[in-house]
>>> print(open('entry16.txt').read())   # compact mmCIF, C-alpha atoms
# COMPACT_ATOMS: atom_id res chain seq x y z
CA MET O 21 77.17 90.36 78.73
CA VAL O 22 80.28 90.51 80.90
CA ILE O 23 79.70 87.53 83.24
CA PRO O 24 79.66 84.79 80.57
CA LYS O 25 82.86 86.24 79.09
CA VAL O 26 84.53 86.23 82.51
CA VAL O 27 83.51 82.64 83.17
CA ASP O 28 84.29 81.46 79.62
CA ASN O 29 87.79 82.90 80.06
CA TRP O 30 88.19 81.97 83.74
CA SER O 31 91.74 80.62 83.39
CA ARG O 32 92.85 83.82 81.63
CA VAL O 33 91.13 86.01 84.24
CA ILE O 34 92.82 84.05 87.03
CA SER O 35 96.16 84.21 85.26
CA GLY O 36 95.80 87.99 84.94
CA LEU O 37 94.86 88.37 88.60
CA GLY O 38 97.87 86.25 89.56
CA VAL O 39 100.15 88.50 87.52
CA MET O 40 98.64 91.59 89.15
CA ALA O 41 99.25 90.08 92.60
CA ARG O 42 102.86 89.26 91.72
CA VAL O 43 103.72 92.70 90.27
CA THR O 44 101.98 94.79 92.94
CA PRO O 45 104.53 95.80 95.57
CA LYS O 46 104.08 93.57 98.63
CA PRO O 47 103.63 96.44 101.15
CA ILE O 48 100.82 97.90 99.03
CA LEU O 49 99.13 94.52 98.58
CA GLU O 50 99.41 93.77 102.32
CA GLN O 51 97.93 97.15 103.18
CA LEU O 52 95.10 96.62 100.68
CA LEU O 53 94.34 93.16 102.08
CA THR O 54 94.49 94.42 105.68
CA LEU O 55 92.21 97.39 105.01
CA SER O 56 89.76 95.30 102.98
CA LEU O 57 89.51 92.55 105.59
CA ASN O 58 88.99 95.05 108.41
CA GLN O 59 86.32 96.88 106.41
CA LEU O 60 84.45 93.76 105.24
CA LEU O 61 84.62 92.05 108.63
CA GLN O 62 84.06 95.15 110.75
CA ALA O 63 80.91 93.79 112.43
CA GLU O 64 82.58 90.50 113.40
CA ILE O 65 85.64 92.36 114.71
CA LYS O 66 83.45 94.62 116.88
CA GLN O 67 81.57 91.56 118.16
CA GLN O 68 84.97 89.99 119.00
CA ARG O 69 84.18 86.97 116.85
CA PHE O 70 87.90 86.73 116.05
CA ALA O 71 88.83 86.42 119.74
CA PHE O 72 90.24 82.95 119.01
CA LEU O 73 92.86 84.37 116.64
CA PRO O 74 95.39 86.53 118.58
CA LYS O 75 98.98 85.36 118.38
CA GLN O 76 97.98 82.78 115.76
CA TRP O 77 98.24 82.98 112.01
CA VAL O 78 95.82 81.49 109.50
CA ARG O 79 97.38 80.93 106.08
CA ILE O 80 95.18 81.17 102.99
CA GLU O 81 96.47 79.52 99.81
CA VAL O 82 94.88 80.04 96.41
CA PRO O 83 96.98 77.76 94.16
CA ASP O 84 95.46 78.70 90.79
CA LEU O 85 96.34 82.35 91.54
CA ALA O 86 99.73 81.36 92.98
CA PHE O 87 98.68 83.66 95.83
CA ASN O 88 99.17 83.02 99.53
CA PHE O 89 98.73 85.24 102.55
CA SER O 90 98.36 84.93 106.30
CA VAL O 91 95.97 86.66 108.69
CA THR O 92 96.09 87.28 112.43
CA LEU O 93 94.35 89.47 114.99
CA THR O 94 96.59 92.18 116.44
CA GLU O 95 96.69 93.26 120.07
CA GLN O 96 94.71 96.33 118.95
CA GLY O 97 91.88 94.04 117.85
CA ARG O 98 92.37 94.53 114.11
CA LEU O 99 93.06 91.95 111.43
CA ARG O 100 96.50 92.03 109.85
CA ALA O 101 97.41 90.39 106.55
CA SER O 102 100.93 89.34 105.68
CA LEU O 103 102.37 88.08 102.41
CA ALA O 104 105.59 87.05 104.13
CA PRO O 105 105.63 83.47 105.40
CA GLN O 106 104.31 83.30 108.95
CA PRO O 107 104.22 80.38 111.39
CA ALA O 108 100.63 79.43 110.58
CA ALA O 109 98.65 77.39 113.09
CA VAL O 110 96.33 76.34 110.27
CA THR O 111 96.39 76.54 106.48
CA MET O 112 93.25 76.75 104.39
CA ARG O 113 93.65 76.01 100.69
CA GLY O 114 91.18 76.27 97.82
CA ASN O 115 91.12 77.36 94.22
CA SER O 116 89.69 80.75 93.28
CA ALA O 117 86.39 79.40 91.94
CA SER O 118 85.71 77.36 95.09
CA LEU O 119 86.58 80.29 97.35
CA LEU O 120 84.35 82.61 95.31
CA LEU O 121 81.49 80.12 95.66
CA MET O 122 82.08 80.00 99.41
CA ILE O 123 82.24 83.76 100.02
CA SER O 124 79.25 84.35 97.76
CA GLY O 125 77.23 81.87 99.81
CA LYS O 126 76.54 79.59 96.84
CA VAL O 127 78.33 76.65 98.44
CA ASP O 128 78.91 76.20 102.15
CA PRO O 129 82.44 75.49 103.42
CA ASP O 130 81.46 72.00 104.64
CA THR O 131 80.46 70.96 101.14
CA LEU O 132 83.76 72.24 99.75
CA PHE O 133 85.66 70.51 102.56
CA PHE O 134 83.98 67.13 101.99
CA ARG O 135 84.49 67.44 98.21
CA ARG O 136 88.16 68.19 98.89
CA LYS O 137 87.85 71.64 97.32
CA LEU O 138 88.73 73.31 100.63
CA MET O 139 91.67 71.79 102.46
CA ILE O 140 92.42 72.49 106.10
CA LYS O 141 95.85 71.53 107.41
CA GLY O 142 97.26 72.07 110.89
CA ASP O 143 95.22 72.99 113.96
CA THR O 144 91.88 71.52 112.92
CA GLU O 145 89.98 73.13 115.78
CA LEU O 146 91.20 76.59 114.74
CA GLY O 147 90.47 75.77 111.10
CA LEU O 148 86.92 74.76 111.97
CA GLU O 149 86.42 77.99 113.94
CA VAL O 150 87.57 80.03 110.93
CA LYS O 151 85.47 77.94 108.53
CA ASN O 152 82.38 78.27 110.71
CA LEU O 153 82.87 82.03 111.06
CA LEU O 154 83.26 82.43 107.30
CA ASP O 155 80.06 80.46 106.81
CA THR O 156 78.07 83.09 108.75
CA ILE O 157 79.28 86.14 106.81
CA GLU O 158 76.88 87.67 104.30
CA LEU O 159 78.46 89.95 101.68
CA GLU O 160 75.25 91.74 100.79
CA GLY O 161 75.39 95.23 102.26
CA ARG O 162 79.15 94.97 102.81
CA LEU O 163 80.24 95.25 99.22
CA PRO O 164 79.18 98.00 96.84
CA LYS O 165 75.96 96.83 95.15
CA SER O 166 77.53 96.53 91.71
CA LEU O 167 80.43 94.43 93.05
CA PHE O 168 78.04 92.27 95.07
CA ARG O 169 75.86 91.64 91.97
CA PHE O 170 78.96 90.87 89.88
CA THR O 171 80.20 88.42 92.54
CA GLN O 172 76.83 86.69 92.76
CA ALA O 173 76.38 86.47 88.98
CA THR O 174 79.91 85.11 88.51
CA ALA O 175 79.34 82.53 91.25
CA ASP O 176 76.03 81.49 89.60
CA ALA O 177 77.83 81.06 86.28
CA ILE O 178 80.56 78.98 87.94
CA VAL O 179 77.93 76.74 89.56
CA ALA O 180 76.62 76.07 86.05
CA ARG O 181 80.14 75.09 84.89
CA PRO O 182 81.28 72.12 87.04
CA GLU O 183 84.66 71.96 85.30
CA LEU O 184 85.57 75.28 86.93
CA ARG O 185 84.77 74.15 90.48
>>> encode(input="entry16.txt", output="structure tokens")
Amino acid sequence: MVIPKVVDNWSRVISGLGVMARVTPKPILEQLLTLSLNQLLQAEIKQQRFAFLPKQWVRIEVPDLAFNFSVTLTEQGRLRASLAPQPAAVTMRGNSASLLLMISGKVDPDTLFFRRKLMIKGDTELGLEVKNLLDTIELEGRLPKSLFRFTQATADAIVARPELR
């Protein structure tokens, strides 16, 4: 089965993803991130749940991928991702396994925060707003079913392997 192989080789998978992120031209990767975030978070954008974000950048750091990006809300009410350094009001940092557990709903952001697996630096109030918003997002129905199942199964396998968290 694929999931155990992915989890058994997690460091190699992450290394490969990091290489892909480094060799993909930045404008393409930024566009992909921007489009994906706007698609996945469409409901929250329409409900103006990102109203706290205009003119502020949130930086996301994934150290084991050596991948960092920033997100803001544009004047047009859309999310924009940037790989270029931006003056971030808050930085959220977590390794890929912890972030996967969070977005899959297997571990809530508070648990990761108190276990020091999710670090928030800078404007704590803004960081808490982002963290709380992320905690309410359900991926089921937003991702293609096969990708959702893969994400959930991988997260379950990571939960069973504490050394990866």
>>> atom_distance(input="entry16.txt", atom1="CA of Phe89 (chain O)", atom2="CA of Glu50 (chain O)")
8.6 Å
>>> atom_distance(input="entry16.txt", atom1="CA of Lys46 (chain O)", atom2="CA of Ser116 (chain O)")
20.0 Å
>>> closest_residue(input="entry16.txt", among="O:Asn152, O:Ser166, O:Asn115, O:Thr171", to="Ile34 (chain O)", atoms="only C-alpha atoms")
O:Asn115
>>> closest_residue(input="entry16.txt", among="O:Asp84, O:Glu64, O:Asp176, O:Glu158", to="Val33 (chain O)", atoms="only C-alpha atoms")
O:Asp84
>>> closest_residue(input="entry16.txt", among="O:Val127, O:Leu167, O:Leu132, O:Ala101", to="Leu49 (chain O)", atoms="all atoms listed in the file")
O:Ala101
>>> build_atoms(input="entry16.txt", residues="region 70-98 of chain O", atoms="N, CA and C atoms", output="tab-separated table (two decimals), in the coordinates of the input")
chain	number	residue	atom	x	y	z
O	70	PHE	N	86.56	87.22	116.38
O	70	PHE	CA	87.90	86.73	116.05
O	70	PHE	C	88.74	86.56	117.31
O	71	ALA	N	88.11	86.51	118.46
O	71	ALA	CA	88.83	86.42	119.74
O	71	ALA	C	89.72	85.18	119.82
O	72	PHE	N	89.44	84.18	119.02
O	72	PHE	CA	90.24	82.95	119.01
O	72	PHE	C	91.55	83.10	118.25
O	73	LEU	N	91.76	84.24	117.59
O	73	LEU	CA	92.86	84.37	116.64
O	73	LEU	C	94.13	85.07	117.13
O	74	PRO	N	94.14	85.82	118.23
O	74	PRO	CA	95.39	86.53	118.58
O	74	PRO	C	96.57	85.58	118.72
O	75	LYS	N	97.70	86.09	118.29
O	75	LYS	CA	98.98	85.36	118.38
O	75	LYS	C	98.98	84.07	117.57
O	76	GLN	N	98.03	83.93	116.66
O	76	GLN	CA	97.98	82.78	115.76
O	76	GLN	C	97.78	83.29	114.34
O	77	TRP	N	98.39	82.60	113.42
O	77	TRP	CA	98.24	82.98	112.01
O	77	TRP	C	97.43	81.91	111.29
O	78	VAL	N	96.56	82.36	110.41
O	78	VAL	CA	95.82	81.49	109.50
O	78	VAL	C	96.36	81.78	108.11
O	79	ARG	N	96.83	80.76	107.44
O	79	ARG	CA	97.38	80.93	106.08
O	79	ARG	C	96.29	80.57	105.07
O	80	ILE	N	96.13	81.41	104.08
O	80	ILE	CA	95.18	81.17	102.99
O	80	ILE	C	96.00	80.95	101.71
O	81	GLU	N	95.77	79.83	101.06
O	81	GLU	CA	96.47	79.52	99.81
O	81	GLU	C	95.46	79.38	98.68
O	82	VAL	N	95.73	80.10	97.60
O	82	VAL	CA	94.88	80.04	96.41
O	82	VAL	C	95.81	79.59	95.26
O	83	PRO	N	95.97	78.27	95.08
O	83	PRO	CA	96.98	77.76	94.16
O	83	PRO	C	96.82	78.21	92.71
O	84	ASP	N	95.60	78.32	92.19
O	84	ASP	CA	95.46	78.70	90.79
O	84	ASP	C	95.82	80.17	90.57
O	85	LEU	N	95.86	80.96	91.63
O	85	LEU	CA	96.34	82.35	91.54
O	85	LEU	C	97.81	82.45	91.92
O	86	ALA	N	98.37	81.34	92.42
O	86	ALA	CA	99.73	81.36	92.98
O	86	ALA	C	99.82	82.50	94.01
O	87	PHE	N	98.79	82.57	94.86
O	87	PHE	CA	98.68	83.66	95.83
O	87	PHE	C	98.43	83.08	97.22
O	88	ASN	N	99.28	83.47	98.16
O	88	ASN	CA	99.17	83.02	99.53
O	88	ASN	C	99.31	84.22	100.45
O	89	PHE	N	98.56	84.21	101.54
O	89	PHE	CA	98.73	85.24	102.55
O	89	PHE	C	98.30	84.67	103.90
O	90	SER	N	98.70	85.35	104.94
O	90	SER	CA	98.36	84.93	106.30
O	90	SER	C	97.62	86.06	106.99
O	91	VAL	N	96.78	85.68	107.95
O	91	VAL	CA	95.97	86.66	108.69
O	91	VAL	C	96.06	86.35	110.18
O	92	THR	N	96.13	87.41	110.99
O	92	THR	CA	96.09	87.28	112.43
O	92	THR	C	95.29	88.44	113.00
O	93	LEU	N	95.01	88.37	114.28
O	93	LEU	CA	94.35	89.47	114.99
O	93	LEU	C	95.41	90.14	115.85
O	94	THR	N	95.57	91.45	115.69
O	94	THR	CA	96.59	92.18	116.44
O	94	THR	C	96.11	92.44	117.87
O	95	GLU	N	97.03	92.91	118.69
O	95	GLU	CA	96.69	93.26	120.07
O	95	GLU	C	95.68	94.42	120.11
O	96	GLN	N	95.65	95.21	119.04
O	96	GLN	CA	94.71	96.33	118.95
O	96	GLN	C	93.33	95.87	118.48
O	97	GLY	N	93.17	94.58	118.25
O	97	GLY	CA	91.88	94.04	117.85
O	97	GLY	C	91.55	94.25	116.39
O	98	ARG	N	92.58	94.37	115.55
O	98	ARG	CA	92.37	94.53	114.11
O	98	ARG	C	93.01	93.34	113.39
